[in-house]
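Working notes, beginning with the structure itself.
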4 protein chains.
Amino acid sequence: MQDAIPDGFALAALGKGFSERFGPVYVDRATRRMAFRVAERHSNPVDTCHGGALATFADSLILAIRAGASEGDAHNPTISLSLDYVAPIPLGAWVEAEVTLVKATRTMFFIQSLITVDGEPVARTNAIYRNPNKTGASQ
Amino acid sequence: MQDAIPDGFALAALGKGFSERFGPVYVDRATRRMAFRVAERHSNPVDTCHGGALATFADSLILAIRAGASEGDAHNPTISLSLDYVAPIPLGAWVEAEVTLVKATRTMFFIQSLITVDGEPVARTNAIYRNPNKTGASQ
Amino acid sequence: MQDAIPDGFALAALGKGFSERFGPVYVDRATRRMAFRVAERHSNPVDTCHGGALATFADSLILAIRAGASEGDAHNPTISLSLDYVAPIPLGAWVEAEVTLVKATRTMFFIQSLITVDGEPVARTNAIYRNPNKTGASQ
Amino acid sequence: MQDAIPDGFALAALGKGFSERFGPVYVDRATRRMAFRVAERHSNPVDTCHGGALATFADSLILAIRAGASEGDAHNPTISLSLDYVAPIPLGAWVEAEVTLVKATRTMFFIQSLITVDGEPVARTNAIYRNPNKTGASQ
């Protein structure tokens, strides 16, 4: 069944606005994976997943590492975000990212991830986020 | 007035799906600029522009170079997309990108852009798109 | 002993010029790893590995995937190269990269890699190379 | 004459190690440009400029903005470095980068640059450096 959610994944708390309109997004913190299913609202004119939609998903991947990372009291502003798109993603696909926390420094989180559909890579991404734990930090 | 569109900008044809839900986006091909106004639907939990929203805008910047670049018959798949976020963007801001076509090769377009609000940088971005003019090209 | 080469690694054939001056670099194709030892010639003014030196190493990582990838008859021009530097690398360190081939398309190779010293991440990198097997390809 | 240095450019102080072996590199701070001439020591197996050599040049571009940026007492560690290579660069070419300081924050410098030979783009690059002025900063 297309809408089935694989074991281990739970709804991620995305907060209001652009993320909420994008969602739902799912997270499995035990295995540091995140996922979403491509719907019409994520599509581009040739009926595959829009590059901006996948970038929006990529921007949320810090949630695989930090609970509530995007919530108001622990917001992780993105400093840098990069994606390579290696294959088109069809409507209905279950898109899964396995997230590697490369490094947590006093001021930043560095992550990278391979994004797959049915085990086949469709994209790779990396990002730097600000670590809000540091008191008095500004960008 | 907040909703005024500066001279020279016209509505960009974004096509259906994720882009249409993001838009409107404006383009001034004479000066290779694109722009949008940050609305509630683009926001993050701390009421500034969401990183994924700005990435979605960035992904559309090829439209400043190519008319109908995102339309079905001349779709430009994104190969690579990168952004650095250098300042938060408040709701209501008019966000403008000045797009540099770095190179058009037989198979790819390379662009980079400085993204500003009121003349102050808020982000920079670069992207590689596939050039669909090449017959028989696959990704 | 500092100069010992771990089992499985063999000298990579780098060819003349900038690579040769950088080297030696080591490759273990069975495990898709590459490595080098940081010497004085790789250093920056504060006696750690220079960012450009690590970028030069990163640019060679396609060699972990393709035998003779950088040799004249099978040259893989780099299209795009990105690195995040997450920790300084001291002189004498054995720097190891585990390379993931994200995708080989008809025209391009996409890779990403985690770069470590003694198992601790010091950098991450990703790159796109042109696939020279495609006849008649130009950049 | 091939070795002539255009007006306005002066030798950049690169410091010892990898940079010194790469150099000379030239800077014109008034116009925020940097340049070098491609020599045999910068070459790849097909006798054009090596991707790692251009990355090393790119890593030095903060020098166009900050005097002595790479010297010991004001070292600017690189956090992130990215390049797109859009055309091969022949031996002997005078390679020039026009550097845009996108933003200087309390903790970071963001730059991007178009790299040209005889006015034609050969690459684009962007980088994030740590701002060492902030007391007590660690990476």
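In the structure tokens, chains take the letters A, B, ... in the order shown, each chain's residues start at 1, and ligands count up from 1 in the order shown.
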
Expected answer as a PDB file with all heavy atoms, in the first residue's frame: chain B residues within 10 Å of chain D, only C-alpha atoms:
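Result file follows (part.pdb):
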ATOM      1  N   SER B  82      23.448  24.866  -4.400  1.00  0.00           N
ATOM      2  CA  SER B  82      24.095  25.201  -3.126  1.00  0.00           C
ATOM      3  C   SER B  82      23.712  26.598  -2.687  1.00  0.00           C
ATOM      4  O   SER B  82      23.638  27.507  -3.515  1.00  0.00           O
ATOM      5  CB  SER B  82      25.625  25.151  -3.261  1.00  0.00           C
ATOM      6  OG  SER B  82      26.068  23.879  -3.611  1.00  0.00           O
ATOM      7  N   LEU B  83      23.498  26.751  -1.387  1.00  0.00           N
ATOM      8  CA  LEU B  83      23.215  28.076  -0.833  1.00  0.00           C
ATOM      9  C   LEU B  83      24.006  28.300   0.450  1.00  0.00           C
ATOM     10  O   LEU B  83      24.186  27.367   1.236  1.00  0.00           O
ATOM     11  CB  LEU B  83      21.743  28.221  -0.441  1.00  0.00           C
ATOM     12  CG  LEU B  83      20.670  28.164  -1.498  1.00  0.00           C
ATOM     13  CD1 LEU B  83      20.040  26.783  -1.544  1.00  0.00           C
ATOM     14  CD2 LEU B  83      19.608  29.215  -1.258  1.00  0.00           C
ATOM     15  N   ASP B  84      24.441  29.555   0.636  1.00  0.00           N
ATOM     16  CA  ASP B  84      24.899  30.008   1.946  1.00  0.00           C
ATOM     17  C   ASP B  84      23.911  31.058   2.429  1.00  0.00           C
ATOM     18  O   ASP B  84      23.553  31.979   1.677  1.00  0.00           O
ATOM     19  CB  ASP B  84      26.302  30.637   1.861  1.00  0.00           C
ATOM     20  CG  ASP B  84      27.367  29.627   1.512  1.00  0.00           C
ATOM     21  OD1 ASP B  84      27.238  28.467   1.905  1.00  0.00           O
ATOM     22  OD2 ASP B  84      28.338  30.013   0.833  1.00  0.00           O
ATOM     23  N   TYR B  85      23.474  30.917   3.664  1.00  0.00           N
ATOM     24  CA  TYR B  85      22.507  31.829   4.265  1.00  0.00           C
ATOM     25  C   TYR B  85      23.261  32.782   5.186  1.00  0.00           C
ATOM     26  O   TYR B  85      23.847  32.330   6.169  1.00  0.00           O
ATOM     27  CB  TYR B  85      21.477  31.038   5.060  1.00  0.00           C
ATOM     28  CG  TYR B  85      20.710  30.001   4.264  1.00  0.00           C
ATOM     29  CD1 TYR B  85      21.194  28.708   4.098  1.00  0.00           C
ATOM     30  CD2 TYR B  85      19.487  30.320   3.673  1.00  0.00           C
ATOM     31  CE1 TYR B  85      20.483  27.754   3.377  1.00  0.00           C
ATOM     32  CE2 TYR B  85      18.765  29.370   2.949  1.00  0.00           C
ATOM     33  CZ  TYR B  85      19.275  28.094   2.805  1.00  0.00           C
ATOM     34  OH  TYR B  85      18.582  27.144   2.082  1.00  0.00           O
ATOM     35  N   VAL B  86      23.272  34.070   4.880  1.00  0.00           N
ATOM     36  CA  VAL B  86      24.134  34.975   5.654  1.00  0.00           C
ATOM     37  C   VAL B  86      23.376  35.925   6.575  1.00  0.00           C
ATOM     38  O   VAL B  86      23.999  36.584   7.413  1.00  0.00           O
ATOM     39  CB  VAL B  86      25.109  35.763   4.740  1.00  0.00           C
ATOM     40  CG1 VAL B  86      25.935  34.799   3.909  1.00  0.00           C
ATOM     41  CG2 VAL B  86      24.385  36.770   3.864  1.00  0.00           C
ATOM     42  N   ALA B  87      22.063  36.024   6.417  1.00  0.00           N
ATOM     43  CA  ALA B  87      21.271  36.864   7.329  1.00  0.00           C
ATOM     44  C   ALA B  87      19.822  36.392   7.280  1.00  0.00           C
ATOM     45  O   ALA B  87      19.350  35.953   6.238  1.00  0.00           O
ATOM     46  CB  ALA B  87      21.368  38.336   6.927  1.00  0.00           C
ATOM     47  N   THR B 100      24.110  35.566 -12.393  1.00  0.00           N
ATOM     48  CA  THR B 100      25.221  35.531 -13.345  1.00  0.00           C
ATOM     49  C   THR B 100      25.238  34.185 -14.053  1.00  0.00           C
ATOM     50  O   THR B 100      25.324  33.145 -13.395  1.00  0.00           O
ATOM     51  CB  THR B 100      26.565  35.729 -12.609  1.00  0.00           C
ATOM     52  OG1 THR B 100      26.558  36.994 -11.967  1.00  0.00           O
ATOM     53  CG2 THR B 100      27.739  35.658 -13.589  1.00  0.00           C
ATOM     54  N   LEU B 101      25.125  34.208 -15.379  1.00  0.00           N
ATOM     55  CA  LEU B 101      25.324  32.973 -16.142  1.00  0.00           C
ATOM     56  C   LEU B 101      26.828  32.780 -16.285  1.00  0.00           C
ATOM     57  O   LEU B 101      27.489  33.464 -17.062  1.00  0.00           O
ATOM     58  CB  LEU B 101      24.676  33.065 -17.532  1.00  0.00           C
ATOM     59  CG  LEU B 101      24.931  31.859 -18.439  1.00  0.00           C
ATOM     60  CD1 LEU B 101      24.351  30.578 -17.862  1.00  0.00           C
ATOM     61  CD2 LEU B 101      24.383  32.103 -19.849  1.00  0.00           C
ATOM     62  N   VAL B 102      27.369  31.873 -15.504  1.00  0.00           N
ATOM     63  CA  VAL B 102      28.818  31.662 -15.510  1.00  0.00           C
ATOM     64  C   VAL B 102      29.234  31.018 -16.829  1.00  0.00           C
ATOM     65  O   VAL B 102      30.206  31.436 -17.467  1.00  0.00           O
ATOM     66  CB  VAL B 102      29.234  30.776 -14.316  1.00  0.00           C
ATOM     67  CG1 VAL B 102      30.720  30.462 -14.363  1.00  0.00           C
ATOM     68  CG2 VAL B 102      28.868  31.453 -12.996  1.00  0.00           C
ATOM     69  N   LYS B 103      28.460  30.024 -17.256  1.00  0.00           N
ATOM     70  CA  LYS B 103      28.825  29.306 -18.482  1.00  0.00           C
ATOM     71  C   LYS B 103      27.644  28.484 -18.991  1.00  0.00           C
ATOM     72  O   LYS B 103      26.928  27.872 -18.194  1.00  0.00           O
ATOM     73  CB  LYS B 103      29.988  28.345 -18.177  1.00  0.00           C
ATOM     74  CG  LYS B 103      30.523  27.564 -19.363  1.00  0.00           C
ATOM     75  CD  LYS B 103      31.569  28.352 -20.123  1.00  0.00           C
ATOM     76  CE  LYS B 103      32.308  27.495 -21.137  1.00  0.00           C
ATOM     77  NZ  LYS B 103      33.369  28.280 -21.794  1.00  0.00           N
ATOM     78  N   ALA B 104      27.456  28.480 -20.283  1.00  0.00           N
ATOM     79  CA  ALA B 104      26.535  27.543 -20.923  1.00  0.00           C
ATOM     80  C   ALA B 104      27.385  26.605 -21.755  1.00  0.00           C
ATOM     81  O   ALA B 104      28.036  27.033 -22.712  1.00  0.00           O
ATOM     82  CB  ALA B 104      25.536  28.281 -21.801  1.00  0.00           C
ATOM     83  N   THR B 105      27.452  25.336 -21.350  1.00  0.00           N
ATOM     84  CA  THR B 105      28.171  24.362 -22.164  1.00  0.00           C
ATOM     85  C   THR B 105      27.136  23.587 -22.992  1.00  0.00           C
ATOM     86  O   THR B 105      25.942  23.852 -22.918  1.00  0.00           O
ATOM     87  CB  THR B 105      28.983  23.378 -21.297  1.00  0.00           C
ATOM     88  OG1 THR B 105      28.083  22.478 -20.660  1.00  0.00           O
ATOM     89  CG2 THR B 105      29.818  24.105 -20.268  1.00  0.00           C
ATOM     90  N   MET B 108      25.371  21.634 -20.041  1.00  0.00           N
ATOM     91  CA  MET B 108      25.037  22.209 -18.734  1.00  0.00           C
ATOM     92  C   MET B 108      25.015  23.733 -18.730  1.00  0.00           C
ATOM     93  O   MET B 108      25.700  24.379 -19.518  1.00  0.00           O
ATOM     94  CB  MET B 108      26.077  21.742 -17.698  1.00  0.00           C
ATOM     95  CG  MET B 108      25.997  20.264 -17.370  1.00  0.00           C
ATOM     96  SD  MET B 108      27.233  19.771 -16.119  1.00  0.00           S
ATOM     97  CE  MET B 108      28.639  19.403 -17.186  1.00  0.00           C
ATOM     98  N   PHE B 109      24.225  24.290 -17.789  1.00  0.00           N
ATOM     99  CA  PHE B 109      24.275  25.708 -17.453  1.00  0.00           C
ATOM    100  C   PHE B 109      24.829  25.844 -16.037  1.00  0.00           C
ATOM    101  O   PHE B 109      24.364  25.141 -15.124  1.00  0.00           O
ATOM    102  CB  PHE B 109      22.875  26.333 -17.481  1.00  0.00           C
ATOM    103  CG  PHE B 109      22.221  26.352 -18.821  1.00  0.00           C
ATOM    104  CD1 PHE B 109      21.240  25.423 -19.143  1.00  0.00           C
ATOM    105  CD2 PHE B 109      22.580  27.295 -19.768  1.00  0.00           C
ATOM    106  CE1 PHE B 109      20.629  25.434 -20.384  1.00  0.00           C
ATOM    107  CE2 PHE B 109      21.971  27.315 -21.014  1.00  0.00           C
ATOM    108  CZ  PHE B 109      21.000  26.378 -21.334  1.00  0.00           C
ATOM    109  N   PHE B 110      25.772  26.773 -15.844  1.00  0.00           N
ATOM    110  CA  PHE B 110      26.306  27.081 -14.513  1.00  0.00           C
ATOM    111  C   PHE B 110      25.919  28.517 -14.160  1.00  0.00           C
ATOM    112  O   PHE B 110      26.204  29.430 -14.947  1.00  0.00           O
ATOM    113  CB  PHE B 110      27.842  26.994 -14.502  1.00  0.00           C
ATOM    114  CG  PHE B 110      28.401  25.625 -14.749  1.00  0.00           C
ATOM    115  CD1 PHE B 110      28.480  25.101 -16.034  1.00  0.00           C
ATOM    116  CD2 PHE B 110      28.879  24.850 -13.700  1.00  0.00           C
ATOM    117  CE1 PHE B 110      29.010  23.833 -16.262  1.00  0.00           C
ATOM    118  CE2 PHE B 110      29.417  23.590 -13.919  1.00  0.00           C
ATOM    119  CZ  PHE B 110      29.470  23.069 -15.199  1.00  0.00           C
ATOM    120  N   ILE B 111      25.283  28.713 -13.012  1.00  0.00           N
ATOM    121  CA  ILE B 111      24.964  30.076 -12.587  1.00  0.00           C
ATOM    122  C   ILE B 111      25.433  30.312 -11.157  1.00  0.00           C
ATOM    123  O   ILE B 111      25.649  29.366 -10.388  1.00  0.00           O
ATOM    124  CB  ILE B 111      23.447  30.374 -12.676  1.00  0.00           C
ATOM    125  CG1 ILE B 111      22.676  29.597 -11.612  1.00  0.00           C
ATOM    126  CG2 ILE B 111      22.898  30.070 -14.061  1.00  0.00           C
ATOM    127  CD1 ILE B 111      21.289  30.145 -11.390  1.00  0.00           C
ATOM    128  N   GLN B 112      25.591  31.595 -10.805  1.00  0.00           N
ATOM    129  CA  GLN B 112      25.714  31.949  -9.404  1.00  0.00           C
ATOM    130  C   GLN B 112      24.993  33.271  -9.188  1.00  0.00           C
ATOM    131  O   GLN B 112      24.700  34.001 -10.130  1.00  0.00           O
ATOM    132  CB  GLN B 112      27.156  31.976  -8.897  1.00  0.00           C
ATOM    133  CG  GLN B 112      28.010  33.128  -9.313  1.00  0.00           C
ATOM    134  CD  GLN B 112      29.425  33.031  -8.688  1.00  0.00           C
ATOM    135  OE1 GLN B 112      29.759  32.098  -7.974  1.00  0.00           O
ATOM    136  NE2 GLN B 112      30.267  34.004  -8.990  1.00  0.00           N
ATOM    137  N   SER B 113      24.672  33.552  -7.940  1.00  0.00           N
ATOM    138  CA  SER B 113      23.832  34.709  -7.672  1.00  0.00           C
ATOM    139  C   SER B 113      24.052  35.232  -6.258  1.00  0.00           C
ATOM    140  O   SER B 113      24.337  34.472  -5.329  1.00  0.00           O
ATOM    141  CB  SER B 113      22.356  34.321  -7.836  1.00  0.00           C
ATOM    142  OG  SER B 113      21.514  35.393  -7.495  1.00  0.00           O
ATOM    143  N   LEU B 114      23.942  36.548  -6.130  1.00  0.00           N
ATOM    144  CA  LEU B 114      23.898  37.199  -4.831  1.00  0.00           C
ATOM    145  C   LEU B 114      22.433  37.540  -4.574  1.00  0.00           C
ATOM    146  O   LEU B 114      21.764  38.106  -5.444  1.00  0.00           O
ATOM    147  CB  LEU B 114      24.758  38.464  -4.871  1.00  0.00           C
ATOM    148  CG  LEU B 114      25.097  39.114  -3.537  1.00  0.00           C
ATOM    149  CD1 LEU B 114      25.945  38.183  -2.676  1.00  0.00           C
ATOM    150  CD2 LEU B 114      25.874  40.412  -3.778  1.00  0.00           C
ATOM    151  N   ILE B 115      21.927  37.179  -3.409  1.00  0.00           N
ATOM    152  CA  ILE B 115      20.522  37.422  -3.059  1.00  0.00           C
ATOM    153  C   ILE B 115      20.475  38.506  -1.985  1.00  0.00           C
ATOM    154  O   ILE B 115      21.168  38.397  -0.968  1.00  0.00           O
ATOM    155  CB  ILE B 115      19.841  36.117  -2.579  1.00  0.00           C
ATOM    156  CG1 ILE B 115      19.941  35.047  -3.683  1.00  0.00           C
ATOM    157  CG2 ILE B 115      18.386  36.364  -2.206  1.00  0.00           C
ATOM    158  CD1 ILE B 115      19.310  33.703  -3.334  1.00  0.00           C
ATOM    159  N   THR B 116      19.695  39.554  -2.244  1.00  0.00           N
ATOM    160  CA  THR B 116      19.700  40.724  -1.365  1.00  0.00           C
ATOM    161  C   THR B 116      18.279  41.124  -0.946  1.00  0.00           C
ATOM    162  O   THR B 116      17.302  40.802  -1.609  1.00  0.00           O
ATOM    163  CB  THR B 116      20.345  41.929  -2.076  1.00  0.00           C
ATOM    164  OG1 THR B 116      19.631  42.170  -3.297  1.00  0.00           O
ATOM    165  CG2 THR B 116      21.805  41.689  -2.391  1.00  0.00           C
ATOM    166  N   GLU B 120      21.082  44.699   0.793  1.00  0.00           N
ATOM    167  CA  GLU B 120      21.976  43.991   1.717  1.00  0.00           C
ATOM    168  C   GLU B 120      21.938  42.493   1.446  1.00  0.00           C
ATOM    169  O   GLU B 120      20.858  41.902   1.393  1.00  0.00           O
ATOM    170  CB  GLU B 120      21.559  44.238   3.170  1.00  0.00           C
ATOM    171  CG  GLU B 120      21.810  45.647   3.662  1.00  0.00           C
ATOM    172  CD  GLU B 120      23.290  45.999   3.610  1.00  0.00           C
ATOM    173  OE1 GLU B 120      24.111  45.194   4.097  1.00  0.00           O
ATOM    174  OE2 GLU B 120      23.623  47.067   3.058  1.00  0.00           O
ATOM    175  N   PRO B 121      23.092  41.834   1.306  1.00  0.00           N
ATOM    176  CA  PRO B 121      23.115  40.391   1.048  1.00  0.00           C
ATOM    177  C   PRO B 121      22.442  39.592   2.162  1.00  0.00           C
ATOM    178  O   PRO B 121      22.686  39.846   3.343  1.00  0.00           O
ATOM    179  CB  PRO B 121      24.616  40.060   0.988  1.00  0.00           C
ATOM    180  CG  PRO B 121      25.275  41.342   0.620  1.00  0.00           C
ATOM    181  CD  PRO B 121      24.456  42.420   1.292  1.00  0.00           C
ATOM    182  N   VAL B 122      21.602  38.656   1.771  1.00  0.00           N
ATOM    183  CA  VAL B 122      21.000  37.715   2.715  1.00  0.00           C
ATOM    184  C   VAL B 122      21.401  36.276   2.404  1.00  0.00           C
ATOM    185  O   VAL B 122      21.271  35.394   3.254  1.00  0.00           O
ATOM    186  CB  VAL B 122      19.459  37.824   2.730  1.00  0.00           C
ATOM    187  CG1 VAL B 122      19.020  39.182   3.301  1.00  0.00           C
ATOM    188  CG2 VAL B 122      18.876  37.628   1.338  1.00  0.00           C
ATOM    189  N   ALA B 123      21.882  36.048   1.178  1.00  0.00           N
ATOM    190  CA  ALA B 123      22.303  34.696   0.792  1.00  0.00           C
ATOM    191  C   ALA B 123      23.111  34.778  -0.496  1.00  0.00           C
ATOM    192  O   ALA B 123      23.109  35.789  -1.196  1.00  0.00           O
ATOM    193  CB  ALA B 123      21.089  33.792   0.574  1.00  0.00           C
ATOM    194  N   ARG B 124      23.837  33.685  -0.765  1.00  0.00           N
ATOM    195  CA  ARG B 124      24.441  33.497  -2.081  1.00  0.00           C
ATOM    196  C   ARG B 124      24.119  32.091  -2.518  1.00  0.00           C
ATOM    197  O   ARG B 124      23.873  31.207  -1.677  1.00  0.00           O
ATOM    198  CB  ARG B 124      25.940  33.772  -2.107  1.00  0.00           C
ATOM    199  CG  ARG B 124      26.759  32.905  -1.148  1.00  0.00           C
ATOM    200  CD  ARG B 124      28.103  32.589  -1.686  1.00  0.00           C
ATOM    201  NE  ARG B 124      27.967  31.835  -2.906  1.00  0.00           N
ATOM    202  CZ  ARG B 124      27.658  30.509  -2.942  1.00  0.00           C
ATOM    203  NH1 ARG B 124      27.477  29.806  -1.866  1.00  0.00           N
ATOM    204  NH2 ARG B 124      27.546  29.907  -4.110  1.00  0.00           N
ATOM    205  N   THR B 125      24.105  31.875  -3.822  1.00  0.00           N
ATOM    206  CA  THR B 125      23.743  30.551  -4.310  1.00  0.00           C
ATOM    207  C   THR B 125      24.448  30.276  -5.622  1.00  0.00           C
ATOM    208  O   THR B 125      24.873  31.179  -6.330  1.00  0.00           O
ATOM    209  CB  THR B 125      22.209  30.435  -4.480  1.00  0.00           C
ATOM    210  OG1 THR B 125      21.870  29.101  -4.846  1.00  0.00           O
ATOM    211  CG2 THR B 125      21.693  31.389  -5.539  1.00  0.00           C
ATOM    212  N   ASN B 126      24.591  28.980  -5.932  1.00  0.00           N
ATOM    213  CA  ASN B 126      25.087  28.573  -7.246  1.00  0.00           C
ATOM    214  C   ASN B 126      24.398  27.279  -7.623  1.00  0.00           C
ATOM    215  O   ASN B 126      23.947  26.532  -6.745  1.00  0.00           O
ATOM    216  CB  ASN B 126      26.609  28.394  -7.255  1.00  0.00           C
ATOM    217  CG  ASN B 126      27.118  27.421  -6.227  1.00  0.00           C
ATOM    218  OD1 ASN B 126      27.236  27.733  -5.056  1.00  0.00           O
ATOM    219  ND2 ASN B 126      27.430  26.207  -6.685  1.00  0.00           N
ATOM    220  N   ALA B 127      24.297  27.054  -8.926  1.00  0.00           N
ATOM    221  CA  ALA B 127      23.589  25.860  -9.383  1.00  0.00           C
ATOM    222  C   ALA B 127      24.135  25.412 -10.726  1.00  0.00           C
ATOM    223  O   ALA B 127      24.701  26.200 -11.491  1.00  0.00           O
ATOM    224  CB  ALA B 127      22.092  26.135  -9.508  1.00  0.00           C
ATOM    225  N   ILE B 128      23.991  24.119 -10.977  1.00  0.00           N
ATOM    226  CA  ILE B 128      24.253  23.541 -12.296  1.00  0.00           C
ATOM    227  C   ILE B 128      22.946  22.919 -12.776  1.00  0.00           C
ATOM    228  O   ILE B 128      22.311  22.164 -12.034  1.00  0.00           O
ATOM    229  CB  ILE B 128      25.344  22.446 -12.249  1.00  0.00           C
ATOM    230  CG1 ILE B 128      26.612  22.953 -11.540  1.00  0.00           C
ATOM    231  CG2 ILE B 128      25.667  21.946 -13.650  1.00  0.00           C
ATOM    232  CD1 ILE B 128      27.689  21.858 -11.363  1.00  0.00           C
TER     233      ILE B 128
END

What's the 7 Å shell around Leu91 in chain C, counting only C-alpha atoms, without same-chain residues fewer than 4 positions away, as a PDB file with C-alpha atoms, in the first residue's frame?
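Written output follows (out-v3.pdb):
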ATOM      1  CA  VAL C  38      50.503  15.167   6.065  1.00  0.00           C
ATOM      2  CA  ALA C  39      54.039  16.450   5.473  1.00  0.00           C
ATOM      3  CA  GLU C  40      55.680  19.890   5.750  1.00  0.00           C
ATOM      4  CA  ASP C  47      51.467  24.091  10.908  1.00  0.00           C
ATOM      5  CA  THR C  48      48.337  22.122  10.144  1.00  0.00           C
ATOM      6  CA  CYS C  49      47.238  20.730   6.784  1.00  0.00           C
TER       7      CYS C  49
END

### Message
Give me, as a VMD selection string, all polymer residues having an atom no more than 12 Å from range 23-35 of chain D, counting only C-alpha atoms and skipping those fewer than 3 positions away in the same chain.
### Response
chain D and resid 3 to 20 38 to 39 41 to 42 53 to 54 56 to 68 93 to 101 111 to 118

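As for CA of His75 in chain B and CA of Phe22 in chain A, they are spaced 22.6 Å apart.
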
### Message
If you run DSSP on the backbone here, which positions in range 2-139 of chain C get strand (DSSP E or B)? Please write them as an MDAnalysis selection string.
### Response
chainID C and resid 10:11 26:28 33:37 43 48:49 78:85 90 94:104 108:117 120:130

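For range 3-135 of chain B, a DSSP pass over the backbone yields helix (DSSP H, G or I) at Phe18, Ser19, Glu20, Arg21, Phe22, Glu40, Arg41, His42, Gly51, Gly52, Ala53, Leu54, Ala55, Thr56, Phe57, Ala58, Asp59, Leu61, Ile62, Leu63, Ala64, Gly72, Asp73 and Ala74 of chain B.
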